[in-house]
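Peer 1: Below: one structure in structure tokens.
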Amino acid sequence: MHEIADVEQALRRAAPHRLVSVVEDALRKHCGARRVELRLADYGLRTLQPVERAPGAAPSVPIHDSPQGRAFGAQEPYVTHGPDGILIHLPVTVRGDRLGVLTVGLPPGSDVGAALPKLAQVCEALGHEILVAERDTDLYVLARRATRLTLAAEMQWQLLPGRSCARPEFALGAHLEPAYAIFGDNYDWSVSDGRLTLTVTNGMGEGIEAALLTNLAINALRNARRAGLGLADQAALADQAVYAQYRGSAFVSVLLLSFDLATGEVEAVDAGSPRLWRLRGHSVESVSFEAQLPLGMFEDSLYVPERFTVRPGDRLLFGSDGVYAAVSPDGESYGERALARALSGTRLLPPTHVPQAVLRELAAYHGDTPLEDDALVVCLDWHGTPSTVAV
């Protein structure tokens, strides 16, 4: 196992842009690897983009129709054998956030079973170092782009905590469309000792104005949360910050939730348009709250939290108005019946796959014309703690 420790130390010492080279050198030395290639998932979760030292050296591959995509989707190693050797595709994932896939080429006859555990540890170490390295280099951020982002999308993606997160008590996944031209929709989460805070945001407007508005609201909510304020006070502080800047001419709709990881008790503040559906067993229902004022609409708004409880096995789906208010060619909104059908139809998928599956259903439902608004879906599976599961 000393080889793995050597790789981890080499990664920590390496220049941020040389992480793949360090892994390649180590795997050539310890495993006889002939080929090492890192690909990261693009913002739209459609392709795996190469992290390459020479631009144009390797094409992207589709997530849904490639060996690399199979490893990424299943979150399991996928091995192919050919006359030139063995290719092992391994997921690179950090705390449930799926970053990409590392492909390692080994000589024919190599002991794959012996190599897999070591390669999995290398992938884990590489994933952590990529997140640290992104502070100092654009290499990995650029690798995620299948095309250029709009400035508004650039601002919004920089706000996001990731696309998925997993803990013993829960697992969640989220996705935004159109990925390369998003405006005001956003999500945020934070896990602390015993609590998950989740916000789903819909800022009004388009382009830079929408992105600026959402940036202000998200950072005001984070500032209040990090000051140790309760959920209602978080909403009130963000409300004051938005109103002070825009004087009621612009506002932000947000659904704020705080989950007790030990009990499943949830506090919620519904300040606008994002909505929640719950799949419990085979039954889907909309979870409604008392509507309160969006952030920044009026001066000194007061917010009152409501409470409900999630049970182990519950799946929660959060959607922006770009999802549930989208209409079919016949004029029926997606949220009336189709969204519940989509949630039921995806109940066997992991939560990381559900947002995209729902958005694909939405695109087919909406027809040939492009969606007129951002579409945001967040899916949360609640597992509970061992004590709550046993009850």
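Labeling convention for the structure tokens: chains A, B, ... as they appear, residues from 1 per chain, ligands from 1 in order of appearance.
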Per residue of region 240-317 of chain A within 9 Å of region 366-389 of chain A, what are the shortest atom pair and its distance in Å to one decimal, counting only C-alpha atoms, with rows by chain and residue number, as a tab-separated table?

Peer 2:
residue	atom	partner	partner_atom	distance
A:Leu261	CA	A:Gly384	CA	6.8
A:Ala262	CA	A:Thr385	CA	5.9
A:Thr263	CA	A:Thr388	CA	6.8
A:Gly264	CA	A:Gly384	CA	6.7
A:Val310	CA	A:Trp382	CA	7.1
A:Arg311	CA	A:Trp382	CA	6.8
A:Pro312	CA	A:His383	CA	4.5
A:Gly313	CA	A:Trp382	CA	5.8
A:Asp314	CA	A:Trp382	CA	5.5
A:Arg315	CA	A:Asp381	CA	4.5
A:Leu316	CA	A:Leu380	CA	5.0
A:Leu317	CA	A:Cys379	CA	4.6

Peer 1: For those residues, write C-alpha atoms to a file as a JSON list (two decimals), in the first residue's frame.

Peer 2:
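Writing done, so here's result-v7.json:
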[["chain", "number", "residue", "atom", "x", "y", "z"],
["A", 261, "LEU", "CA", -30.05, 14.73, 10.17],
["A", 262, "ALA", "CA", -30.86, 12.79, 13.33],
["A", 263, "THR", "CA", -34.66, 13.10, 13.32],
["A", 264, "GLY", "CA", -35.72, 14.02, 9.77],
["A", 310, "VAL", "CA", -39.18, 13.24, 6.14],
["A", 311, "ARG", "CA", -39.04, 9.48, 6.57],
["A", 312, "PRO", "CA", -36.34, 7.03, 5.45],
["A", 313, "GLY", "CA", -37.12, 6.10, 1.86],
["A", 314, "ASP", "CA", -38.70, 9.45, 0.98],
["A", 315, "ARG", "CA", -37.63, 11.13, -2.25],
["A", 316, "LEU", "CA", -38.06, 14.90, -2.50],
["A", 317, "LEU", "CA", -38.04, 16.71, -5.85]]

Peer 1: Based on the backbone DSSP call, show me all residues of region 171-373 of chain A assigned helix (DSSP H, G or I), as a ChimeraX atom specification.

Peer 2: /A:207-226,231-246,321-324,338-345,354-366

Peer 1: Would you put the residues from that selection into a file with C-alpha atoms, as a short mmCIF file (atom, residue, chain, number, x, y, z; two decimals), in the first residue's frame?

Peer 2:
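See again-v7.cif below for the written result:
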data_model
loop_
_atom_site.label_atom_id
_atom_site.label_comp_id
_atom_site.auth_asym_id
_atom_site.auth_seq_id
_atom_site.Cartn_x
_atom_site.Cartn_y
_atom_site.Cartn_z
CA GLY A 207 -28.79 37.67 -18.34
CA ILE A 208 -26.35 39.64 -16.22
CA GLU A 209 -29.07 41.38 -14.22
CA ALA A 210 -30.53 38.06 -13.13
CA ALA A 211 -27.08 36.67 -12.31
CA LEU A 212 -26.16 39.75 -10.22
CA LEU A 213 -29.44 39.56 -8.34
CA THR A 214 -29.03 35.85 -7.57
CA ASN A 215 -25.40 36.35 -6.52
CA LEU A 216 -26.48 38.98 -4.00
CA ALA A 217 -29.25 36.80 -2.58
CA ILE A 218 -27.15 33.61 -2.33
CA ASN A 219 -24.26 35.37 -0.64
CA ALA A 220 -26.60 37.17 1.77
CA LEU A 221 -28.15 33.81 2.71
CA ARG A 222 -24.70 32.28 3.18
CA ASN A 223 -23.58 35.23 5.29
CA ALA A 224 -26.60 34.84 7.57
CA ARG A 225 -26.21 31.06 7.79
CA ARG A 226 -22.52 31.34 8.64
CA LEU A 231 -33.82 29.90 8.92
CA ALA A 232 -36.32 32.75 9.33
CA ASP A 233 -33.54 35.22 10.14
CA GLN A 234 -31.52 34.01 7.17
CA ALA A 235 -34.46 34.87 4.93
CA ALA A 236 -34.96 38.23 6.66
CA LEU A 237 -31.31 39.27 6.30
CA ALA A 238 -31.24 38.31 2.62
CA ASP A 239 -34.54 40.13 2.12
CA GLN A 240 -33.03 43.29 3.60
CA ALA A 241 -29.90 42.99 1.45
CA VAL A 242 -31.88 42.63 -1.79
CA TYR A 243 -34.31 45.41 -0.89
CA ALA A 244 -31.47 47.78 0.07
CA GLN A 245 -29.94 47.30 -3.37
CA TYR A 246 -33.05 47.25 -5.58
CA ASP A 321 -41.14 27.54 -12.31
CA GLY A 322 -39.24 26.87 -15.53
CA VAL A 323 -40.05 23.21 -14.87
CA TYR A 324 -43.56 22.99 -13.44
CA ALA A 338 -46.70 15.01 -16.02
CA LEU A 339 -44.19 15.87 -13.31
CA ALA A 340 -45.73 13.35 -10.89
CA ARG A 341 -45.59 10.69 -13.62
CA ALA A 342 -41.93 11.50 -14.29
CA LEU A 343 -41.10 11.28 -10.59
CA SER A 344 -42.83 7.90 -10.31
CA GLY A 345 -41.18 6.68 -13.49
CA VAL A 354 -33.20 11.95 -11.67
CA PRO A 355 -32.80 15.68 -12.47
CA GLN A 356 -31.59 15.03 -16.00
CA ALA A 357 -34.22 12.33 -16.56
CA VAL A 358 -36.97 14.72 -15.48
CA LEU A 359 -35.58 17.47 -17.69
CA ARG A 360 -35.50 15.11 -20.67
CA GLU A 361 -39.14 14.27 -19.99
CA LEU A 362 -39.85 17.99 -19.76
CA ALA A 363 -38.20 18.70 -23.12
CA ALA A 364 -40.30 15.99 -24.80
CA TYR A 365 -43.44 17.27 -23.07
CA HIS A 366 -42.79 20.86 -24.11
#

Peer 1: Check region 207-288 of chain A with DSSP on the backbone and list each residue it calls strand (DSSP E or B), as JSON, numbers by chain.

Peer 2: {"A": [252, 253, 254, 255, 256, 257, 258, 259, 260, 265, 266, 267, 268, 269, 270, 271, 275, 276, 277, 278, 279, 280, 283, 284, 285, 286, 287]}

Peer 1: Do a neighbour search on Pro67 (chain A) at 8 Å with only C-alpha atoms, toss out local chain neighbours closer than 5 positions, and write the hits as a list in words.

Peer 2: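 The neighbour list is Tyr78, Thr80 and His89 of chain A.
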
Peer 1: Here is a test: counting only C-alpha atoms, which residue of A:Val287, A:Leu196, A:Leu90, A:Leu119 is nearest to Cys165 (chain A)?

Peer 2: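 Looking at the shortest contact to Cys165 (chain A), the residue is A:Leu196.
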